[in-house]
file structure_17.csv (CSV, C-alpha atoms and all ligand atoms)
chain,number,residue,atom,x,y,z
A,14,MET,CA,-176.6,-63.2,-220.6
A,15,LEU,CA,-176.6,-62.1,-217.0
A,16,ALA,CA,-180.4,-62.0,-216.8
A,17,ALA,CA,-180.3,-65.7,-217.3
A,18,LYS,CA,-178.0,-66.1,-214.3
A,19,LYS,CA,-180.3,-64.1,-212.0
A,20,GLU,CA,-181.8,-67.2,-210.5
A,21,LEU,CA,-178.5,-68.5,-209.5
A,22,ILE,CA,-177.5,-65.2,-207.9
A,23,LEU,CA,-180.9,-65.0,-206.1
A,24,LYS,CA,-180.5,-68.6,-204.8
A,25,GLU,CA,-177.1,-67.8,-203.3
A,26,LEU,CA,-178.4,-64.6,-201.8
A,27,ALA,CA,-181.5,-66.3,-200.3
A,28,GLU,CA,-179.4,-69.1,-198.8
A,29,GLY,CA,-176.8,-66.8,-197.3
A,30,THR,CA,-179.2,-64.1,-196.0
A,31,GLY,CA,-182.1,-66.3,-194.9
A,32,ALA,CA,-184.4,-63.7,-196.6
A,33,ALA,CA,-186.2,-63.3,-199.9
A,34,VAL,CA,-184.1,-61.1,-202.2
A,35,SER,CA,-184.9,-59.4,-205.4
A,36,ALA,CA,-182.6,-58.3,-208.2
A,37,GLU,CA,-182.9,-56.2,-211.3
A,38,VAL,CA,-180.4,-56.1,-214.1
A,39,ASP,CA,-180.7,-53.9,-217.1
A,40,LEU,CA,-180.6,-56.0,-220.3
A,41,SER,CA,-178.6,-53.3,-222.0
A,42,GLY,CA,-175.7,-54.3,-219.9
A,43,LEU,CA,-174.0,-54.0,-216.6
A,44,ARG,CA,-173.1,-50.3,-217.0
A,45,SER,CA,-176.5,-49.5,-215.9
A,46,GLY,CA,-176.1,-51.6,-212.8
A,47,LEU,CA,-177.3,-54.7,-211.1
A,48,ARG,CA,-179.4,-53.8,-208.1
A,49,ILE,CA,-180.2,-56.2,-205.2
A,50,TRP,CA,-182.6,-55.6,-202.3
A,51,PHE,CA,-184.8,-57.5,-199.7
A,52,SER,CA,-188.1,-58.3,-201.4
A,53,ASP,CA,-190.3,-57.4,-198.4
A,54,LEU,CA,-188.7,-54.0,-198.0
A,55,ASP,CA,-188.4,-53.0,-201.7
A,56,GLN,CA,-185.8,-50.5,-202.8
A,57,LYS,CA,-187.2,-47.5,-200.9
A,58,HIS,CA,-187.6,-49.1,-197.5
A,59,GLY,CA,-184.3,-50.8,-196.9
A,60,PRO,CA,-180.7,-51.4,-198.0
A,61,VAL,CA,-179.9,-51.8,-201.7
A,62,ALA,CA,-176.7,-53.1,-203.1
A,63,GLU,CA,-175.7,-51.9,-206.5
A,64,LEU,CA,-173.0,-53.4,-208.7
A,65,ARG,CA,-171.5,-51.4,-211.5
A,66,THR,CA,-168.4,-51.6,-213.6
A,67,TYR,CA,-165.6,-49.5,-212.3
A,68,GLY,CA,-163.1,-48.2,-214.7
A,69,LEU,CA,-162.1,-50.7,-217.4
A,70,LYS,CA,-161.3,-53.7,-215.2
A,71,GLY,CA,-163.2,-53.3,-212.0
A,72,HIS,CA,-166.5,-53.6,-210.2
A,73,ARG,CA,-167.9,-51.3,-207.6
A,74,VAL,CA,-170.5,-52.4,-205.1
A,75,THR,CA,-172.3,-49.7,-203.2
A,76,LEU,CA,-174.7,-50.3,-200.4
A,77,THR,CA,-177.1,-47.5,-199.5
A,78,PHE,CA,-180.5,-47.2,-197.8
A,79,GLY,CA,-183.6,-46.2,-199.5
A,80,SER,CA,-185.2,-42.8,-198.6
A,81,PHE,CA,-188.0,-44.5,-196.5
A,82,SER,CA,-185.8,-46.8,-194.4
A,83,GLY,CA,-186.7,-45.3,-191.0
A,84,THR,CA,-188.4,-48.4,-189.7
A,85,VAL,CA,-185.7,-50.8,-190.8
A,86,LEU,CA,-183.0,-48.4,-189.4
A,87,SER,CA,-184.7,-48.4,-186.0
A,88,GLN,CA,-184.6,-52.3,-186.2
A,89,ILE,CA,-180.9,-52.1,-187.0
A,90,LEU,CA,-180.2,-49.7,-184.2
A,91,ALA,CA,-181.9,-52.2,-181.8
A,92,ALA,CA,-179.7,-55.1,-183.0
A,93,SER,CA,-178.0,-57.1,-180.2
A,94,PRO,CA,-174.2,-57.0,-179.7
A,95,GLU,CA,-174.1,-60.6,-181.0
A,96,ASP,CA,-175.9,-59.6,-184.3
A,97,VAL,CA,-173.5,-56.7,-184.7
A,98,GLN,CA,-170.5,-59.0,-184.1
A,99,LEU,CA,-171.8,-61.4,-186.8
A,100,ALA,CA,-172.5,-58.7,-189.2
A,101,GLN,CA,-169.0,-57.3,-188.8
A,102,ALA,CA,-167.5,-60.7,-189.1
A,103,LEU,CA,-169.4,-61.4,-192.4
A,104,VAL,CA,-168.0,-58.1,-193.9
A,105,ALA,CA,-164.6,-58.9,-192.6
A,106,SER,CA,-164.7,-62.3,-194.4
A,107,ILE,CA,-164.6,-60.5,-197.7
A,108,ARG,CA,-161.1,-61.0,-199.2
A,109,PRO,CA,-158.9,-57.9,-198.7
A,110,GLU,CA,-158.5,-57.4,-202.5
A,111,ALA,CA,-162.1,-56.3,-202.6
A,112,ASP,CA,-161.4,-53.1,-200.7
A,113,VAL,CA,-164.4,-52.4,-198.5
A,114,GLN,CA,-164.7,-48.9,-197.1
A,115,ILE,CA,-167.4,-47.2,-195.0
A,116,PRO,CA,-166.9,-43.4,-195.4
A,117,GLY,CA,-166.3,-41.8,-192.0
A,118,GLN,CA,-165.8,-45.1,-190.1
A,119,ASN,CA,-163.0,-47.5,-189.3
A,120,MET,CA,-163.1,-51.1,-190.3
A,121,PRO,CA,-163.7,-53.7,-189.0
A,122,GLU,CA,-165.9,-52.1,-186.2
A,123,TRP,CA,-168.4,-50.3,-188.3
A,124,HIS,CA,-172.0,-49.5,-187.3
A,125,VAL,CA,-175.1,-48.4,-189.2
A,126,MET,CA,-176.0,-45.2,-187.5
A,127,ASN,CA,-178.5,-43.6,-189.8
A,128,GLY,CA,-179.8,-43.5,-193.4
A,129,ALA,CA,-176.7,-41.8,-194.7
A,130,PHE,CA,-174.8,-45.1,-194.2
A,131,ARG,CA,-172.8,-46.2,-197.2
A,132,MET,CA,-170.6,-49.2,-197.8
A,133,VAL,CA,-168.4,-49.2,-200.9
A,134,ALA,CA,-166.4,-52.2,-202.1
A,135,THR,CA,-164.1,-52.0,-205.1
A,136,VAL,CA,-162.9,-55.0,-206.9
A,137,ARG,CA,-160.0,-54.3,-209.3
A,138,ASN,CA,-158.0,-56.1,-211.9
A,139,GLN,CA,-160.6,-58.2,-213.5
A,140,GLU,CA,-159.9,-59.5,-217.0
A,141,HIS,CA,-163.5,-59.3,-218.1
A,142,PRO,CA,-165.6,-57.3,-215.7
A,143,LEU,CA,-168.7,-57.6,-218.0
A,144,ASN,CA,-168.6,-61.4,-218.1
A,145,ASP,CA,-171.3,-63.3,-216.3
A,146,SER,CA,-168.7,-65.3,-214.4
A,147,SER,CA,-167.0,-62.1,-213.0
A,148,VAL,CA,-170.4,-60.6,-212.0
A,149,ILE,CA,-171.4,-63.9,-210.3
A,150,ALA,CA,-168.0,-64.0,-208.5
A,151,THR,CA,-168.4,-60.5,-207.2
A,152,CYS,CA,-172.0,-61.3,-206.1
A,153,ARG,CA,-170.8,-64.4,-204.2
A,154,ASP,CA,-167.6,-62.8,-202.7
A,155,VAL,CA,-168.9,-59.3,-201.9
A,156,ILE,CA,-172.7,-58.8,-202.2
A,157,VAL,CA,-173.8,-62.0,-200.4
A,158,PRO,CA,-171.8,-61.3,-197.2
A,159,ILE,CA,-172.8,-57.6,-197.2
A,160,MET,CA,-176.5,-58.4,-197.6
A,161,ALA,CA,-176.2,-61.2,-195.0
A,162,ALA,CA,-174.7,-58.7,-192.6
A,163,MET,CA,-177.7,-56.4,-193.3
A,164,ALA,CA,-180.1,-59.3,-192.8
A,165,GLU,CA,-178.5,-60.1,-189.5
A,166,LEU,CA,-178.8,-56.5,-188.3
A,167,ILE,CA,-182.4,-56.3,-189.5
A,168,GLY,CA,-183.1,-59.5,-187.7
A,169,TYR,CA,-184.7,-61.7,-190.4
A,170,ASP,CA,-186.0,-64.6,-188.4
A,171,VAL,CA,-185.6,-68.0,-189.7
A,172,ILE,CA,-186.3,-70.2,-186.8
A,173,GLU,CA,-188.5,-73.0,-187.9
A,174,ASP,CA,-190.0,-75.8,-185.8
A,175,ARG,CA,-188.3,-76.4,-182.5
A,176,GLN,CA,-188.2,-80.2,-182.8
A,177,GLY,CA,-188.3,-82.1,-179.6
A,178,GLU,CA,-187.3,-79.2,-177.4
A,179,GLU,CA,-188.9,-78.7,-174.1
A,180,ALA,CA,-189.9,-75.2,-173.2
A,181,PRO,CA,-186.9,-73.4,-171.7
A,182,ALA,CA,-187.6,-73.7,-168.0
A,183,CYS,CA,-184.2,-73.1,-166.5
A,184,GLU,CA,-181.2,-71.1,-167.5
A,185,GLY,CA,-179.5,-74.1,-168.9
A,186,ALA,CA,-182.4,-74.7,-171.3
A,187,VAL,CA,-182.5,-71.1,-172.3
A,188,LEU,CA,-178.8,-71.2,-173.2
A,189,GLN,CA,-179.4,-74.5,-175.1
A,190,SER,CA,-181.9,-72.7,-177.2
A,191,VAL,CA,-179.4,-70.0,-177.9
A,192,VAL,CA,-177.0,-72.7,-179.2
A,193,ILE,CA,-179.7,-74.2,-181.4
A,194,ARG,CA,-180.6,-70.7,-182.8
A,195,ARG,CA,-177.0,-70.0,-183.6
A,196,GLU,CA,-176.7,-73.4,-185.4
A,197,ARG,CA,-179.8,-72.7,-187.5
A,198,ASN,CA,-179.0,-69.1,-188.4
A,199,PRO,CA,-178.1,-69.0,-192.2
A,200,ARG,CA,-175.8,-66.1,-191.6
A,201,ASN,CA,-173.8,-68.1,-189.2
A,202,ARG,CA,-173.7,-70.9,-191.7
A,203,LEU,CA,-172.5,-68.5,-194.4
A,204,LEU,CA,-169.7,-67.2,-192.2
A,205,CYS,CA,-168.7,-70.7,-191.2
A,206,ILE,CA,-168.5,-71.8,-194.8
A,207,ARG,CA,-166.6,-68.7,-195.8
A,208,ILE,CA,-164.0,-69.3,-193.1
A,209,HIS,CA,-163.8,-73.1,-193.0
A,210,GLY,CA,-165.1,-74.2,-196.4
A,211,GLU,CA,-167.7,-77.0,-196.8
A,212,LYS,CA,-165.7,-80.0,-195.5
A,213,CYS,CA,-167.0,-81.8,-192.5
A,214,PHE,CA,-164.7,-81.2,-189.5
A,215,ALA,CA,-165.3,-84.8,-188.2
A,216,CYS,CA,-165.2,-87.1,-191.2
A,217,GLY,CA,-163.8,-84.9,-193.9
A,218,ALA,CA,-166.7,-85.5,-196.3
A,219,GLU,CA,-167.5,-82.6,-198.6
A,220,PRO,CA,-171.2,-83.1,-199.6
A,221,ARG,CA,-171.0,-80.5,-202.4
A,222,MET,CA,-168.4,-82.7,-204.1
A,223,THR,CA,-170.7,-85.7,-204.0
A,224,TYR,CA,-174.0,-84.0,-204.7
A,225,GLY,CA,-173.0,-81.1,-206.8
A,226,ASP,CA,-175.4,-78.2,-206.8
A,227,ALA,CA,-177.8,-80.3,-204.7
A,228,GLY,CA,-175.1,-80.7,-202.1
A,229,SER,CA,-175.1,-77.5,-200.2
A,230,ILE,CA,-176.2,-79.4,-197.2
A,231,ILE,CA,-173.3,-78.9,-194.8
A,232,GLU,CA,-174.5,-77.8,-191.3
A,233,VAL,CA,-173.1,-75.6,-188.6
A,234,HIS,CA,-172.2,-77.0,-185.2
A,235,HIS,CA,-171.6,-74.9,-182.1
A,236,LEU,CA,-168.5,-76.2,-180.4
A,237,GLU,CA,-169.0,-74.8,-177.0
A,238,PRO,CA,-171.6,-76.5,-174.9
A,239,VAL,CA,-172.7,-73.2,-173.5
A,240,ALA,CA,-175.5,-74.7,-171.5
A,241,LEU,CA,-173.1,-76.5,-169.2
A,242,LEU,CA,-170.5,-73.9,-168.7
A,243,MET,CA,-170.4,-72.2,-165.4
A,244,GLU,CA,-169.0,-69.1,-166.9
A,245,PRO,CA,-169.5,-69.1,-170.7
A,246,ARG,CA,-166.7,-67.4,-172.4
A,247,PRO,CA,-167.5,-64.7,-174.9
A,248,TYR,CA,-169.0,-66.2,-178.1
A,249,ASP,CA,-167.1,-65.7,-181.3
A,250,PRO,CA,-168.8,-66.9,-184.5
A,251,ARG,CA,-165.4,-67.2,-186.2
A,252,THR,CA,-164.0,-69.8,-183.8
A,253,ASP,CA,-167.0,-71.4,-182.1
A,254,LEU,CA,-168.8,-72.7,-185.2
A,255,VAL,CA,-167.5,-75.6,-187.4
A,256,PRO,CA,-169.0,-77.2,-190.5
A,257,LEU,CA,-170.3,-80.8,-190.0
A,258,CYS,CA,-172.0,-83.1,-192.6
A,259,PRO,CA,-175.6,-83.9,-191.6
A,260,ASN,CA,-174.6,-87.4,-190.5
A,261,CYS,CA,-171.8,-86.3,-188.2
A,262,HIS,CA,-174.0,-83.5,-186.9
A,263,ARG,CA,-176.7,-85.9,-185.9
A,264,ALA,CA,-174.2,-88.2,-184.3
A,265,VAL,CA,-172.6,-85.5,-182.1
A,266,HIS,CA,-176.0,-84.5,-180.8
A,267,THR,CA,-177.0,-88.1,-179.9
A,268,ARG,CA,-175.3,-87.4,-176.6
A,269,ARG,CA,-177.4,-84.9,-174.6
A,270,PRO,CA,-177.3,-82.4,-173.2
A,271,VAL,CA,-173.6,-82.1,-173.9
A,272,PRO,CA,-172.9,-83.2,-177.4
A,273,PHE,CA,-169.9,-85.4,-178.3
A,274,THR,CA,-166.7,-83.4,-178.9
A,275,MET,CA,-165.0,-83.5,-182.3
A,276,ALA,CA,-162.3,-85.7,-180.7
A,277,ASP,CA,-165.0,-88.1,-179.4
A,278,LEU,CA,-166.6,-88.3,-182.8
A,279,LYS,CA,-163.3,-88.9,-184.6
A,280,ALA,CA,-162.5,-91.7,-182.1
A,281,ILE,CA,-165.9,-93.2,-182.7
A,282,LEU,CA,-165.4,-93.0,-186.5
A,283,GLY,CA,-161.9,-94.4,-186.1
A,284,THR,CA,-160.7,-92.0,-188.7
A,285,SER,CA,-157.4,-90.4,-188.8
A,286,TYR,CA,-158.9,-87.4,-190.5
A,287,ALA,CA,-157.6,-84.3,-188.7
A,301,ZN,ZN,-169.0,-85.8,-191.4
A,302,ZN,ZN,-174.6,-79.0,-183.4

call {"tool": "encode", "arguments": {"input": "structure_17.csv", "output": "structure tokens", "more": "lines below"}}
Ligand SMILES: [Zn+2]
Ligand SMILES: [Zn+2]
result
Amino acid sequence: MLAAKKELILKELAEGTGAAVSAEVDLSGLRSGLRIWFSDLDQKHGPVAELRTYGLKGHRVTLTFGSFSGTVLSQILAASPEDVQLAQALVASIRPEADVQIPGQNMPEWHVMNGAFRMVATVRNQEHPLNDSSVIATCRDVIVPIMAAMAELIGYDVIEDRQGEEAPACEGAVLQSVVIRRERNPRNRLLCIRIHGEKCFACGAEPRMTYGDAGSIIEVHHLEPVALLMEPRPYDPRTDLVPLCPNCHRAVHTRRPVPFTMADLKAILGTSYA
């Protein structure tokens, strides 16, 4: 039953949020709820998403904060405008049928102001809301982006080794490191996949089709070479990031500091893929 699918749900949550996530499901069934939270914060010290059945044919996902979330709330209040923009874009990527509401606020420009914050998503018209496949679909479509938005606001850091980078000595290098950080942010990757799918923008390859479950290896490429712009235009994660397969992504970055453009790469590949 659902308990057996918990690993799958947790894997998708960890990939999408870049954080360790815990889940608890009552074996007696979904009516008692599936609860999901960040492992390092536990259910009292951070946001908790709860999925329950709603009516006969629906799911309701409610995100609330535990009673001792003061520390995490102050981290969220200190989130940068870019983090807030990405968090809002992640929630906005949820399909409109899964009606997302934040009591007292207007979408899509919501903010977490205090511990009374609640986000409620209602998914209606499901044939079998108690089936594992329906629950997994709601987790993927609704809970993963909501928890990724929270992870972005909290600021889970996922920057690993900075391979081959010189220390940012000038403004250009600092901006270059911003681009690298954006490309490695799992929440950006999640948003990019939700908007564009997992097909490489340059060659059209779709690694998941070739490698199955092992094939979630598509990467995120930042289109605007910010480092070299005299006046960088405002960044928008919805339009400035594209999915590239690992080979194409390597190839575009062989030109430095300004990577090849998508048009350059397509010309090199000699493909007609558009
Ligand atoms: Zn490719
Ligand atoms: Zn790139």

call {"tool": "atom_distance", "arguments": {"input": "structure_17.csv", "atom1": "atom CA of A:Asp145", "atom2": "atom CA of A:Ala62"}}
result
17.5 Å

call {"tool": "closest_residue", "arguments": {"input": "structure_17.csv", "among": "A:Val113, A:Met126, A:Leu90, A:Ala27", "to": "A:Val157", "atoms": "only C-alpha atoms"}}
result
A:Ala27

call {"tool": "residues_near_point", "arguments": {"input": "structure_17.csv", "point": "(-162.2, -83.2, -179.1)", "cutoff": "12 Å", "atoms": "all atoms listed in the file", "output": "list of chain:residue names"}}
result
A:Phe214, A:Ala215, A:Leu236, A:Glu237, A:Val265, A:Pro272, A:Phe273, A:Thr274, A:Met275, A:Ala276, A:Asp277, A:Leu278, A:Lys279, A:Ala280, A:Ile281, A:Ala287

call {"tool": "closest_residue", "arguments": {"input": "structure_17.csv", "among": "A:Leu282, A:Ile208, A:Ala264, A:Cys216", "to": "ligand ZN 301 (chain A)", "atoms": "all atoms listed in the file"}}
result
A:Cys216

call {"tool": "atom_distance", "arguments": {"input": "structure_17.csv", "atom1": "atom CA of A:Ala162", "atom2": "atom CA of A:Leu69"}}
result
28.9 Å

call {"tool": "closest_residue", "arguments": {"input": "structure_17.csv", "among": "A:Glu165, A:Glu25, A:Glu122, A:Glu232", "to": "ligand ZN 301 (chain A)", "atoms": "all atoms listed in the file"}}
result
A:Glu232

call {"tool": "closest_residue", "arguments": {"input": "structure_17.csv", "among": "A:Leu143, A:Ala33, A:Ala100, A:Ile107", "to": "A:Trp123", "atoms": "all atoms listed in the file"}}
result
A:Ala100

call {"tool": "closest_atom_pairs", "arguments": {"input": "structure_17.csv", "of": "chain A", "to": "ligand ZN 301 (chain A)", "cutoff": "8 Å", "atoms": "only C-alpha atoms and all ligand atoms", "output": "tab-separated table"}}
result
residue	atom	partner	partner_atom	distance
A:Lys212	CA	A:ZN301	ZN	7.8
A:Cys213	CA	A:ZN301	ZN	4.6
A:Phe214	CA	A:ZN301	ZN	6.6
A:Ala215	CA	A:ZN301	ZN	5.0
A:Cys216	CA	A:ZN301	ZN	4.0
A:Gly217	CA	A:ZN301	ZN	5.8
A:Ala218	CA	A:ZN301	ZN	5.4
A:Leu257	CA	A:ZN301	ZN	5.4
A:Cys258	CA	A:ZN301	ZN	4.2
A:Pro259	CA	A:ZN301	ZN	6.9
A:Asn260	CA	A:ZN301	ZN	5.9
A:Cys261	CA	A:ZN301	ZN	4.3
A:His262	CA	A:ZN301	ZN	7.1

call {"tool": "residues_near_ligand", "arguments": {"input": "structure_17.csv", "ligand": "ligand ZN 302 (chain A)", "cutoff": "7 Å", "atoms": "only C-alpha atoms and all ligand atoms", "output": "list of chain:residue names"}}
result
A:Glu196, A:Val233, A:His234, A:His235, A:His262, A:Val265, A:His266
